[in-house]
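Text of the file work-v8.cif, holding mmCIF, C-alpha atoms and all ligand atoms:
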data_coords
loop_
_atom_site.label_atom_id
_atom_site.label_comp_id
_atom_site.auth_asym_id
_atom_site.auth_seq_id
_atom_site.Cartn_x
_atom_site.Cartn_y
_atom_site.Cartn_z
CA MET A 12 -7.77 57.96 10.84
CA LYS A 13 -8.04 57.06 7.18
CA LYS A 14 -5.59 59.10 5.12
CA HIS A 15 -6.13 60.45 1.65
CA ASN A 16 -2.75 60.02 0.04
CA PHE A 17 -2.05 62.43 -2.82
CA SER A 18 1.71 61.83 -2.68
CA ALA A 19 3.55 62.27 -6.00
CA GLY A 20 5.93 59.39 -5.46
CA PRO A 21 6.50 57.06 -3.80
CA CYS A 22 2.75 57.01 -3.94
CA ILE A 23 -0.41 55.30 -2.82
CA LEU A 24 -0.80 51.57 -3.47
CA PRO A 25 -3.99 49.51 -3.13
CA GLN A 26 -4.70 48.47 0.46
CA SER A 27 -5.16 44.84 -0.57
CA VAL A 28 -1.72 44.86 -2.17
CA LEU A 29 -0.10 46.27 0.97
CA GLN A 30 -1.76 43.57 3.04
CA GLN A 31 -0.55 40.77 0.76
CA ALA A 32 2.92 42.29 0.67
CA ALA A 33 3.03 42.50 4.46
CA ASN A 34 2.07 38.84 4.73
CA ALA A 35 4.71 37.78 2.21
CA VAL A 36 7.41 39.55 4.20
CA THR A 37 6.77 37.22 7.12
CA ASN A 38 5.60 34.08 5.33
CA PHE A 39 5.82 33.88 1.56
CA ASN A 40 3.69 31.29 -0.27
CA GLY A 41 3.34 29.26 2.94
CA LEU A 42 7.07 28.49 2.87
CA ASP A 43 7.56 29.71 6.45
CA LEU A 44 10.22 31.96 4.97
CA SER A 45 10.14 35.62 4.06
CA LEU A 46 9.96 36.77 0.47
CA ILE A 47 13.04 38.88 1.20
CA GLU A 48 15.16 36.08 2.67
CA ILE A 49 14.97 33.47 -0.07
CA SER A 50 17.01 33.08 -3.23
CA HIS A 51 15.93 35.16 -6.19
CA ARG A 52 16.61 31.99 -8.20
CA SER A 53 14.20 29.90 -6.15
CA LYS A 54 11.24 28.45 -8.02
CA ASP A 55 8.85 30.63 -6.01
CA PHE A 56 10.57 33.90 -6.85
CA VAL A 57 11.25 33.03 -10.48
CA ALA A 58 7.48 32.49 -10.78
CA VAL A 59 6.91 36.02 -9.41
CA MET A 60 9.28 37.52 -11.98
CA GLU A 61 7.64 35.60 -14.81
CA LYS A 62 4.16 36.60 -13.69
CA ALA A 63 5.18 40.26 -13.43
CA ARG A 64 6.60 40.20 -16.95
CA SER A 65 3.58 38.52 -18.47
CA LEU A 66 1.15 40.90 -16.71
CA VAL A 67 3.01 43.89 -18.13
CA LEU A 68 2.73 42.59 -21.69
CA GLU A 69 -0.89 41.57 -21.23
CA LEU A 70 -1.99 44.89 -19.73
CA LEU A 71 -0.16 46.92 -22.39
CA ASP A 72 -1.45 44.63 -25.15
CA LEU A 73 2.10 43.93 -26.32
CA GLU A 74 2.10 40.13 -26.29
CA ASN A 75 3.86 38.43 -29.18
CA LYS A 76 5.00 41.70 -30.71
CA GLY A 77 8.73 41.39 -30.13
CA TYR A 78 8.86 43.23 -26.79
CA LYS A 79 10.90 42.21 -23.75
CA VAL A 80 10.14 43.26 -20.19
CA LEU A 81 12.88 44.07 -17.71
CA PHE A 82 12.84 44.92 -14.02
CA LEU A 83 16.03 46.88 -13.37
CA GLN A 84 17.45 49.09 -10.66
CA GLY A 85 18.74 52.65 -10.61
CA GLY A 86 15.35 54.27 -11.15
CA ALA A 87 14.12 56.06 -14.23
CA SER A 88 17.13 58.31 -13.70
CA LEU A 89 19.52 55.55 -14.76
CA GLU A 90 17.40 54.97 -17.87
CA PHE A 91 18.28 58.53 -18.88
CA LEU A 92 21.79 57.13 -19.40
CA MET A 93 20.97 53.57 -20.46
CA THR A 94 18.82 54.78 -23.32
CA PRO A 95 21.67 56.53 -25.16
CA TYR A 96 24.13 53.78 -24.27
CA ASN A 97 21.93 51.25 -26.01
CA LEU A 98 20.49 53.31 -28.86
CA LEU A 99 22.88 56.14 -29.73
CA LYS A 100 25.35 55.18 -32.43
CA ILE A 101 28.96 56.26 -32.15
CA GLY A 102 28.97 59.67 -33.80
CA GLY A 103 25.17 59.55 -33.89
CA LYS A 104 22.53 61.98 -32.75
CA ALA A 105 19.30 61.76 -30.73
CA ASP A 106 16.22 63.99 -30.79
CA TYR A 107 14.58 64.97 -27.49
CA LEU A 108 11.44 66.85 -26.57
CA ASP A 109 11.97 69.04 -23.49
CA THR A 110 8.80 69.24 -21.40
CA GLY A 111 10.17 69.70 -17.89
CA THR A 112 12.62 68.74 -15.20
CA TRP A 113 12.73 65.06 -16.07
CA SER A 114 13.24 65.63 -19.79
CA THR A 115 15.98 68.12 -18.97
CA LYS A 116 17.73 65.54 -16.84
CA ALA A 117 17.41 62.95 -19.58
CA ILE A 118 18.91 65.39 -22.11
CA LYS A 119 21.86 66.07 -19.82
CA GLU A 120 22.82 62.39 -19.71
CA VAL A 121 22.90 62.03 -23.52
CA GLN A 122 25.42 64.82 -23.66
CA THR A 123 27.94 62.58 -21.90
CA LEU A 124 27.89 60.23 -24.91
CA GLY A 125 27.10 62.18 -28.04
CA THR A 126 24.96 64.74 -29.74
CA VAL A 127 21.48 65.62 -28.61
CA ASN A 128 19.11 67.85 -30.50
CA VAL A 129 16.20 69.40 -28.58
CA VAL A 130 13.36 69.50 -31.14
CA ALA A 131 11.19 71.77 -28.98
CA SER A 132 10.95 73.00 -25.40
CA SER A 133 8.24 74.54 -23.25
CA LYS A 134 10.81 76.11 -20.95
CA ASP A 135 9.79 79.56 -22.27
CA LYS A 136 6.53 79.28 -20.32
CA ASN A 137 7.77 77.40 -17.28
CA TYR A 138 6.82 74.04 -18.79
CA THR A 139 3.11 74.76 -18.46
CA TYR A 140 2.30 73.31 -21.89
CA ILE A 141 3.36 70.55 -24.30
CA PRO A 142 5.08 71.81 -27.47
CA LYS A 143 3.47 70.70 -30.73
CA ASN A 144 4.28 70.97 -34.43
CA TYR A 145 7.97 70.23 -34.13
CA THR A 146 9.96 68.27 -36.66
CA ILE A 147 11.80 65.08 -35.89
CA ASP A 148 14.99 64.41 -37.83
CA GLU A 149 14.35 61.03 -39.41
CA THR A 150 18.11 60.40 -39.54
CA ALA A 151 18.44 60.65 -35.74
CA ASP A 152 19.05 57.40 -33.86
CA TYR A 153 15.89 57.78 -31.79
CA PHE A 154 13.34 60.27 -30.44
CA HIS A 155 12.73 60.64 -26.69
CA CYS A 156 9.78 62.18 -24.88
CA THR A 157 8.23 62.23 -21.40
CA SER A 158 4.56 61.25 -21.48
CA ASN A 159 3.58 62.89 -18.20
CA ASN A 160 5.35 65.71 -16.45
CA THR A 161 4.97 64.83 -12.81
CA ILE A 162 6.22 68.16 -11.49
CA ARG A 163 4.38 70.64 -13.73
CA GLY A 164 1.23 68.62 -14.31
CA THR A 165 1.22 68.40 -18.09
CA GLN A 166 0.63 65.27 -20.16
CA MET A 167 1.11 64.38 -23.82
CA LYS A 168 -2.27 63.43 -25.28
CA SER A 169 -0.78 62.15 -28.52
CA PHE A 170 2.64 61.12 -29.74
CA PRO A 171 4.48 61.99 -32.92
CA LYS A 172 4.57 59.59 -35.83
CA THR A 173 8.11 58.77 -36.78
CA ASN A 174 10.07 56.01 -38.42
CA ILE A 175 12.93 56.20 -35.95
CA PRO A 176 12.66 54.41 -32.57
CA LEU A 177 10.23 56.17 -30.25
CA VAL A 178 11.40 56.19 -26.62
CA CYS A 179 9.17 57.32 -23.78
CA ASP A 180 9.66 57.97 -20.08
CA MET A 181 6.25 56.92 -18.73
CA SER A 182 7.20 56.94 -15.06
CA SER A 183 4.16 58.79 -13.86
CA ASP A 184 1.36 57.65 -16.14
CA ILE A 185 2.05 54.11 -17.28
CA PHE A 186 -0.96 51.81 -16.85
CA SER A 187 -3.23 54.83 -16.34
CA ARG A 188 -4.77 55.24 -19.81
CA GLU A 189 -5.26 53.33 -23.00
CA LEU A 190 -2.69 54.03 -25.69
CA ASP A 191 -1.42 52.11 -28.64
CA PHE A 192 1.68 51.00 -26.79
CA SER A 193 3.05 49.35 -29.90
CA GLN A 194 3.86 52.81 -31.29
CA PHE A 195 6.73 52.91 -28.78
CA ASP A 196 9.98 51.01 -29.17
CA LEU A 197 11.21 51.59 -25.64
CA ILE A 198 9.16 52.52 -22.59
CA TYR A 199 10.61 52.96 -19.14
CA ALA A 200 9.11 53.84 -15.78
CA GLY A 201 10.29 54.00 -12.19
CA ALA A 202 7.90 51.72 -10.30
CA GLN A 203 7.08 54.11 -7.49
CA LYS A 204 4.65 56.38 -9.34
CA ASN A 205 1.96 54.05 -10.55
CA MET A 206 3.09 50.46 -10.21
CA GLY A 207 4.77 49.61 -6.94
CA PRO A 208 7.34 50.63 -4.36
CA ALA A 209 10.62 52.38 -5.18
CA GLY A 210 13.49 50.08 -6.04
CA THR A 211 12.72 48.75 -9.46
CA THR A 212 12.38 50.28 -12.91
CA LEU A 213 10.22 48.81 -15.60
CA VAL A 214 11.69 48.70 -19.10
CA VAL A 215 9.69 47.44 -22.07
CA VAL A 216 11.83 47.27 -25.16
CA LYS A 217 11.41 46.04 -28.70
CA GLU A 218 14.37 43.72 -28.97
CA SER A 219 14.95 44.43 -32.66
CA ILE A 220 16.13 48.00 -31.97
CA LEU A 221 19.10 46.82 -29.87
CA GLY A 222 22.65 45.97 -30.87
CA LYS A 223 23.10 48.67 -33.51
CA THR A 224 25.30 51.28 -31.87
CA GLY A 225 28.79 49.89 -32.38
CA ARG A 226 29.57 50.96 -28.84
CA THR A 227 30.89 48.84 -25.97
CA ILE A 228 28.17 48.88 -23.34
CA PRO A 229 29.07 48.18 -19.69
CA SER A 230 27.26 45.00 -18.62
CA MET A 231 24.95 46.57 -16.06
CA LEU A 232 23.85 49.16 -18.61
CA ASN A 233 23.31 46.69 -21.42
CA TYR A 234 19.65 45.87 -22.08
CA GLN A 235 20.58 42.79 -24.10
CA ILE A 236 22.44 41.28 -21.15
CA HIS A 237 19.48 41.89 -18.85
CA ILE A 238 17.17 40.35 -21.46
CA ASP A 239 19.36 37.29 -21.85
CA LYS A 240 19.46 36.84 -18.06
CA ASP A 241 15.70 37.38 -17.52
CA SER A 242 16.35 40.45 -15.30
CA MET A 243 18.55 38.31 -13.06
CA PHE A 244 22.01 39.33 -14.27
CA ASN A 245 22.45 40.43 -10.68
CA THR A 246 20.12 40.17 -7.70
CA PRO A 247 16.89 41.93 -8.63
CA SER A 248 14.96 44.08 -6.21
CA VAL A 249 12.80 41.18 -5.08
CA PHE A 250 10.40 43.07 -2.84
CA ALA A 251 9.76 45.84 -5.37
CA VAL A 252 9.19 43.33 -8.17
CA TYR A 253 6.81 41.30 -6.02
CA VAL A 254 4.71 44.29 -4.98
CA SER A 255 4.65 45.54 -8.58
CA MET A 256 3.38 42.13 -9.65
CA LEU A 257 0.61 42.30 -7.03
CA THR A 258 -0.39 45.78 -8.20
CA LEU A 259 -0.51 44.66 -11.82
CA GLN A 260 -2.66 41.69 -10.80
CA TRP A 261 -4.94 44.08 -8.89
CA LEU A 262 -5.24 46.19 -12.05
CA LYS A 263 -6.01 43.18 -14.19
CA ASP A 264 -8.71 41.98 -11.76
CA LEU A 265 -10.26 45.44 -11.87
CA GLY A 266 -10.66 45.21 -15.64
CA GLY A 267 -7.25 46.42 -16.83
CA ILE A 268 -6.27 49.80 -18.22
CA LYS A 269 -9.65 50.41 -19.87
CA ALA A 270 -11.41 50.18 -16.51
CA ILE A 271 -8.89 52.25 -14.56
CA GLU A 272 -8.86 54.94 -17.23
CA LYS A 273 -12.58 55.53 -16.67
CA ILE A 274 -12.01 56.00 -12.96
CA ASN A 275 -8.95 58.18 -13.57
CA ASN A 276 -10.92 60.40 -15.93
CA ALA A 277 -13.71 60.77 -13.38
CA LYS A 278 -11.24 61.78 -10.68
CA ALA A 279 -9.47 64.30 -12.91
CA GLU A 280 -12.73 65.80 -14.13
CA LEU A 281 -14.07 66.23 -10.61
CA LEU A 282 -10.94 68.03 -9.45
CA TYR A 283 -10.35 70.20 -12.53
CA ASN A 284 -14.01 71.24 -12.50
CA GLU A 285 -13.60 72.53 -8.98
CA ILE A 286 -10.34 74.31 -9.83
CA ASP A 287 -12.01 76.01 -12.81
CA ASN A 288 -15.24 76.94 -11.04
CA ASN A 289 -13.91 77.97 -7.65
CA PRO A 290 -12.72 81.62 -7.78
CA LEU A 291 -10.12 80.93 -5.09
CA PHE A 292 -8.14 78.49 -7.24
CA GLU A 293 -6.56 78.32 -10.64
CA GLY A 294 -4.90 75.54 -12.61
CA SER A 295 -1.17 75.80 -13.31
CA ALA A 296 -1.05 74.05 -16.68
CA VAL A 297 -2.60 74.93 -20.04
CA LYS A 298 -6.02 73.26 -20.20
CA GLU A 299 -5.54 71.07 -23.25
CA ASP A 300 -2.30 69.65 -21.86
CA ARG A 301 -3.45 68.99 -18.32
CA SER A 302 -2.29 65.81 -16.66
CA ASN A 303 -4.83 63.28 -15.45
CA MET A 304 -2.28 62.02 -12.92
CA ASN A 305 -0.73 65.11 -11.34
CA VAL A 306 -3.14 68.00 -10.95
CA THR A 307 -1.20 71.22 -10.29
CA PHE A 308 -3.01 74.29 -9.02
CA LEU A 309 -2.59 77.54 -7.14
CA LEU A 310 -4.50 79.19 -4.34
CA LYS A 311 -5.04 82.73 -5.59
CA ASP A 312 -5.58 84.29 -2.17
CA GLU A 313 -2.43 83.59 -0.15
CA SER A 314 -4.14 84.76 3.04
CA LYS A 315 -6.28 81.62 2.89
CA LYS A 316 -3.30 79.28 2.67
CA GLU A 317 -2.96 78.66 6.37
CA LYS A 318 -6.64 77.77 6.67
CA PHE A 319 -6.63 75.54 3.60
CA ASP A 320 -3.55 73.65 4.76
CA LYS A 321 -5.11 73.21 8.19
CA ILE A 322 -8.44 71.83 7.02
CA CYS A 323 -6.63 69.52 4.60
CA GLN A 324 -4.48 68.20 7.39
CA GLU A 325 -7.47 67.72 9.67
CA ALA A 326 -9.22 65.76 6.93
CA GLY A 327 -6.25 63.38 6.65
CA ILE A 328 -4.98 64.67 3.32
CA ASN A 329 -1.33 63.84 2.66
CA GLY A 330 1.13 64.94 0.00
CA LEU A 331 -0.67 67.93 -1.49
CA ASN A 332 2.27 70.34 -1.62
CA GLY A 333 3.62 71.24 -5.03
CA HIS A 334 7.11 70.05 -5.96
CA ARG A 335 9.75 71.95 -4.01
CA SER A 336 10.99 73.57 -7.23
CA VAL A 337 7.55 74.94 -8.17
CA GLY A 338 5.38 75.56 -5.10
CA GLY A 339 1.60 75.75 -5.16
CA TYR A 340 -0.37 72.54 -4.84
CA ARG A 341 -0.21 69.22 -6.62
CA ALA A 342 -2.75 66.46 -6.18
CA SER A 343 -1.36 63.22 -7.55
CA ILE A 344 -4.31 61.05 -8.37
CA TYR A 345 -2.62 57.83 -9.44
CA ASN A 346 -4.43 54.56 -10.14
CA ALA A 347 -4.79 53.44 -6.52
CA LEU A 348 -6.22 56.73 -5.24
CA PRO A 349 -9.99 56.30 -4.80
CA LEU A 350 -12.51 58.78 -6.20
CA GLU A 351 -13.69 59.25 -2.62
CA SER A 352 -10.37 60.92 -1.71
CA VAL A 353 -10.77 63.43 -4.54
CA GLN A 354 -14.30 64.13 -3.33
CA VAL A 355 -12.96 64.89 0.16
CA LEU A 356 -10.47 67.37 -1.32
CA VAL A 357 -13.07 69.03 -3.55
CA ASP A 358 -15.44 69.44 -0.59
CA LEU A 359 -12.69 71.21 1.36
CA MET A 360 -11.98 73.52 -1.60
CA LYS A 361 -15.69 74.41 -1.69
CA GLN A 362 -15.70 75.09 2.05
CA LEU A 363 -12.72 77.45 1.97
C1 LIG B 1 9.99 60.42 -10.77
C2 LIG B 1 10.33 60.53 -12.18
C3 LIG B 1 11.61 60.19 -12.66
C4 LIG B 1 12.75 59.78 -11.75
O1 LIG B 1 12.52 58.52 -11.26
P1 LIG B 1 13.55 57.79 -10.29
O2 LIG B 1 13.00 56.41 -10.28
O3 LIG B 1 13.49 58.50 -8.97
O4 LIG B 1 14.91 57.88 -10.90
C5 LIG B 1 11.83 60.26 -14.02
N1 LIG B 1 10.87 60.64 -14.87
C6 LIG B 1 9.63 60.97 -14.45
C7 LIG B 1 8.60 61.36 -15.45
C8 LIG B 1 9.33 60.93 -13.10
O5 LIG B 1 8.10 61.25 -12.68
#
Could I get this file's structure written as structure tokens?
Amino acid sequence: MKKHNFSAGPCILPQSVLQQAANAVTNFNGLDLSLIEISHRSKDFVAVMEKARSLVLELLDLENKGYKVLFLQGGASLEFLMTPYNLLKIGGKADYLDTGTWSTKAIKEVQTLGTVNVVASSKDKNYTYIPKNYTIDETADYFHCTSNNTIRGTQMKSFPKTNIPLVCDMSSDIFSRELDFSQFDLIYAGAQKNMGPAGTTLVVVKESILGKTGRTIPSMLNYQIHIDKDSMFNTPSVFAVYVSMLTLQWLKDLGGIKAIEKINNAKAELLYNEIDNNPLFEGSAVKEDRSNMNVTFLLKDESKKEKFDKICQEAGINGLNGHRSVGGYRASIYNALPLESVQVLVDLMKQL
């Protein structure tokens, strides 16, 4: 039976991408060799890496603006550490906005290297909103925020203006909506939320912000080394990079971020409308800060839980449970999830 995959990550990918990826695992580019058994320095794989990089810049409208694209390993979690290594001066200080579990983890890593100042936090209300009206210290080395809070279902709708480097963890909403991406100096994202399979992390960095810390950076953590080696300082995650490239090509063919944003808005509107109008459900996040990628909600009448879970399962719905730290429900409606799947879920909510 066809499944409706609302998984938060790793998450749904386009069917056509999965098919192409499956073919490449047995016979890549008609070479009679697998994608995952040839050299990452072969002409065929180098072309994949180059294509992936150029698609990222094209889709984000960052071509010829001084940005470099990297495909690294270690997940977004390693970027929590790489960011301060590469941007925090010795004796310096970084400003962070705390909007949930992932921000908190990022803040923890900075503390291993220097001083971190939390400009604002929504911890007081269980991270159900995005703090606003905070002040960034313009003498800090950089400001870090999380654009979309995958676990709590909140999303930043705008970003602060600042003259210091603006760093953003976009793991769960990159390529989902139009933004002026040139306002950011460093963007990172684990691939497995909206771009590809787990195993690679996208980093888009303005090269001019690097090399200013005075600190010795271990090679594997040094963005400049990865830039100089075209993301091949060591063996890259070839399969994850390839599938990410296919997904980015799929997005481009669809009309790019502008086109997918329309679809994403339609999906989010459909689901939030039902949550707001159905007396059995309520949204978990403050309305104005609701995420268009991870829709978190509660079933008000616990006695209906068993029935709801059962009809969801029978309809082929996967991955609807809230994060283990929060409970409730979470429908992740990433780029590749069709509107039709949201309609199936909404119909079940109406039936309950
Ligand atoms: C999933 C997630 C992470 C962690 O990503 P890994 O690739 O598993 O390290 C970090 N930040 C956000 C916003 C996430 O959604």
Given all atoms listed in the file, how would the per-residue table for range 143-257 of chain A near range 100-105 of chain A read, listing every residue at most 7 Å away with its closest atom pair and distance in Å to one decimal, sorted by chain and number, as a tab-separated table?
residue	atom	partner	partner_atom	distance
A:Ala151	CA	A:Ala105	CA	5.2
A:Asp152	CA	A:Ala105	CA	5.4
A:Tyr153	CA	A:Ala105	CA	5.3
A:Phe154	CA	A:Ala105	CA	6.2
A:Lys223	CA	A:Lys100	CA	7.0
A:Thr224	CA	A:Lys100	CA	3.9
A:Gly225	CA	A:Lys100	CA	6.3
A:Arg226	CA	A:Ile101	CA	6.3
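Distance check against Arg335 in chain A using all atoms listed in the file: of A:Leu46, A:Leu213, A:Phe56, A:Thr112, the minimum falls on A:Thr112.
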With ligand LIG 1 (chain B) as the partner and 9 Å as the cut-off, tabulate the residues of chain A that qualify, each row holding the nearest pair of atoms and their distance in Å to one decimal, using only C-alpha atoms and all ligand atoms, sorted by chain and rising number, as a Markdown table.
| residue | atom | partner | partner_atom | distance |
| --- | --- | --- | --- | --- |
| A:Ala19 | CA | B:LIG1 | O5 | 8.1 |
| A:Gly20 | CA | B:LIG1 | C1 | 6.8 |
| A:Pro21 | CA | B:LIG1 | C1 | 8.5 |
| A:Gln84 | CA | B:LIG1 | O2 | 8.6 |
| A:Gly85 | CA | B:LIG1 | O4 | 6.5 |
| A:Gly86 | CA | B:LIG1 | O2 | 3.3 |
| A:Ala87 | CA | B:LIG1 | O4 | 3.9 |
| A:Ser88 | CA | B:LIG1 | O4 | 3.6 |
| A:Leu89 | CA | B:LIG1 | O4 | 6.4 |
| A:Glu90 | CA | B:LIG1 | O4 | 8.0 |
| A:Phe91 | CA | B:LIG1 | C5 | 8.3 |
| A:Gly111 | CA | B:LIG1 | C7 | 8.8 |
| A:Thr112 | CA | B:LIG1 | N1 | 8.3 |
| A:Trp113 | CA | B:LIG1 | N1 | 4.9 |
| A:Ser114 | CA | B:LIG1 | N1 | 7.4 |
| A:Lys116 | CA | B:LIG1 | C5 | 8.4 |
| A:Ala117 | CA | B:LIG1 | C5 | 8.3 |
| A:Thr157 | CA | B:LIG1 | C7 | 6.0 |
| A:Ser158 | CA | B:LIG1 | C7 | 7.3 |
| A:Asn159 | CA | B:LIG1 | C7 | 5.9 |
| A:Asn160 | CA | B:LIG1 | C7 | 5.5 |
| A:Thr161 | CA | B:LIG1 | O5 | 4.8 |
| A:Ile162 | CA | B:LIG1 | O5 | 7.3 |
| A:Asp180 | CA | B:LIG1 | C7 | 5.8 |
| A:Met181 | CA | B:LIG1 | C7 | 6.0 |
| A:Ser182 | CA | B:LIG1 | C7 | 4.7 |
| A:Ser183 | CA | B:LIG1 | O5 | 4.8 |
| A:Asp184 | CA | B:LIG1 | C7 | 8.2 |
| A:Tyr199 | CA | B:LIG1 | N1 | 8.8 |
| A:Ala200 | CA | B:LIG1 | N1 | 7.1 |
| A:Gly201 | CA | B:LIG1 | O2 | 4.1 |
| A:Ala202 | CA | B:LIG1 | O2 | 6.9 |
| A:Gln203 | CA | B:LIG1 | O2 | 6.9 |
| A:Lys204 | CA | B:LIG1 | O5 | 6.8 |
| A:Ala209 | CA | B:LIG1 | O2 | 6.9 |
| A:Gly210 | CA | B:LIG1 | O2 | 7.6 |
| A:Thr211 | CA | B:LIG1 | O2 | 7.7 |
| A:Thr212 | CA | B:LIG1 | O2 | 6.7 |
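For the atom pair formed by CA of Leu24 in chain A and CA of Ala347 in chain A, the distance is 5.4 Å, given to one decimal.
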Next on the checklist: What does the structure give for the distance between CA of Asn305 in chain A and CA of Leu73 in chain A, in Å to one decimal?
Outcome noted: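 Computed distance, CA of Asn305 in chain A to CA of Leu73 in chain A, equals 26.1 Å.
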Item to check | Neighbour list for Leu265 in chain A as a VMD selection string, cut-off 12 Å, only C-alpha atoms, skip fewer than 5 positions in-chain | outcome: chain A and resid 25 70 258 to 260 270 to 274 346 to 347
Output of the above residues as a short mmCIF file (atom, residue, chain, number, x, y, z; two decimals), in the coordinates of the input, restricted to C-alpha atoms:
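Result saved to part_39.cif:
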data_model
loop_
_atom_site.label_atom_id
_atom_site.label_comp_id
_atom_site.auth_asym_id
_atom_site.auth_seq_id
_atom_site.Cartn_x
_atom_site.Cartn_y
_atom_site.Cartn_z
CA PRO A 25 -3.99 49.51 -3.13
CA LEU A 70 -1.99 44.89 -19.73
CA THR A 258 -0.39 45.78 -8.20
CA LEU A 259 -0.51 44.66 -11.82
CA GLN A 260 -2.66 41.69 -10.80
CA ALA A 270 -11.41 50.18 -16.51
CA ILE A 271 -8.89 52.25 -14.56
CA GLU A 272 -8.86 54.94 -17.23
CA LYS A 273 -12.58 55.53 -16.67
CA ILE A 274 -12.01 56.00 -12.96
CA ASN A 346 -4.43 54.56 -10.14
CA ALA A 347 -4.79 53.44 -6.52
#
Dump as a CSV table (one decimal) with C-alpha atoms, keeping the file's coordinate frame all residues having an atom at most 7 Å from (24.2, 62.2, -29.3), computed in the file's coordinates with all atoms listed in the file.
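Okay, this is what ended up in selection-v7.csv:
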chain,number,residue,atom,x,y,z
A,99,LEU,CA,22.9,56.1,-29.7
A,103,GLY,CA,25.2,59.6,-33.9
A,104,LYS,CA,22.5,62.0,-32.8
A,105,ALA,CA,19.3,61.8,-30.7
A,121,VAL,CA,22.9,62.0,-23.5
A,122,GLN,CA,25.4,64.8,-23.7
A,124,LEU,CA,27.9,60.2,-24.9
A,125,GLY,CA,27.1,62.2,-28.0
A,126,THR,CA,25.0,64.7,-29.7
A,127,VAL,CA,21.5,65.6,-28.6
Next on the checklist: My list of candidates is A:Lys62, A:His155, A:Arg163, A:Lys172. Which is closest to Asp191 in chain A when distances are computed with all atoms listed in the file?
Outcome noted: A:Lys172
Checklist entry - Quick one: of A:Leu197, A:Leu190, A:Leu262, A:Ala296, who's nearest to Gly77 in chain A, counting all atoms listed in the file? => result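 The shortest atom-to-atom distance to Gly77 in chain A comes from A:Leu197.
In terms of minimum interatomic distance to Glu299 in chain A, A:Thr139 ranks closest within A:Ile238, A:Glu120, A:Leu44, A:Thr139, counting all atoms listed in the file.
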Next on the checklist: Measuring between all atoms listed in the file, which one of A:Ile286, A:Lys54, A:Phe39, A:Pro208 shows the shortest distance to Val252 in chain A?
Outcome noted: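 For Val252 in chain A, the nearest of the given residues is A:Pro208.
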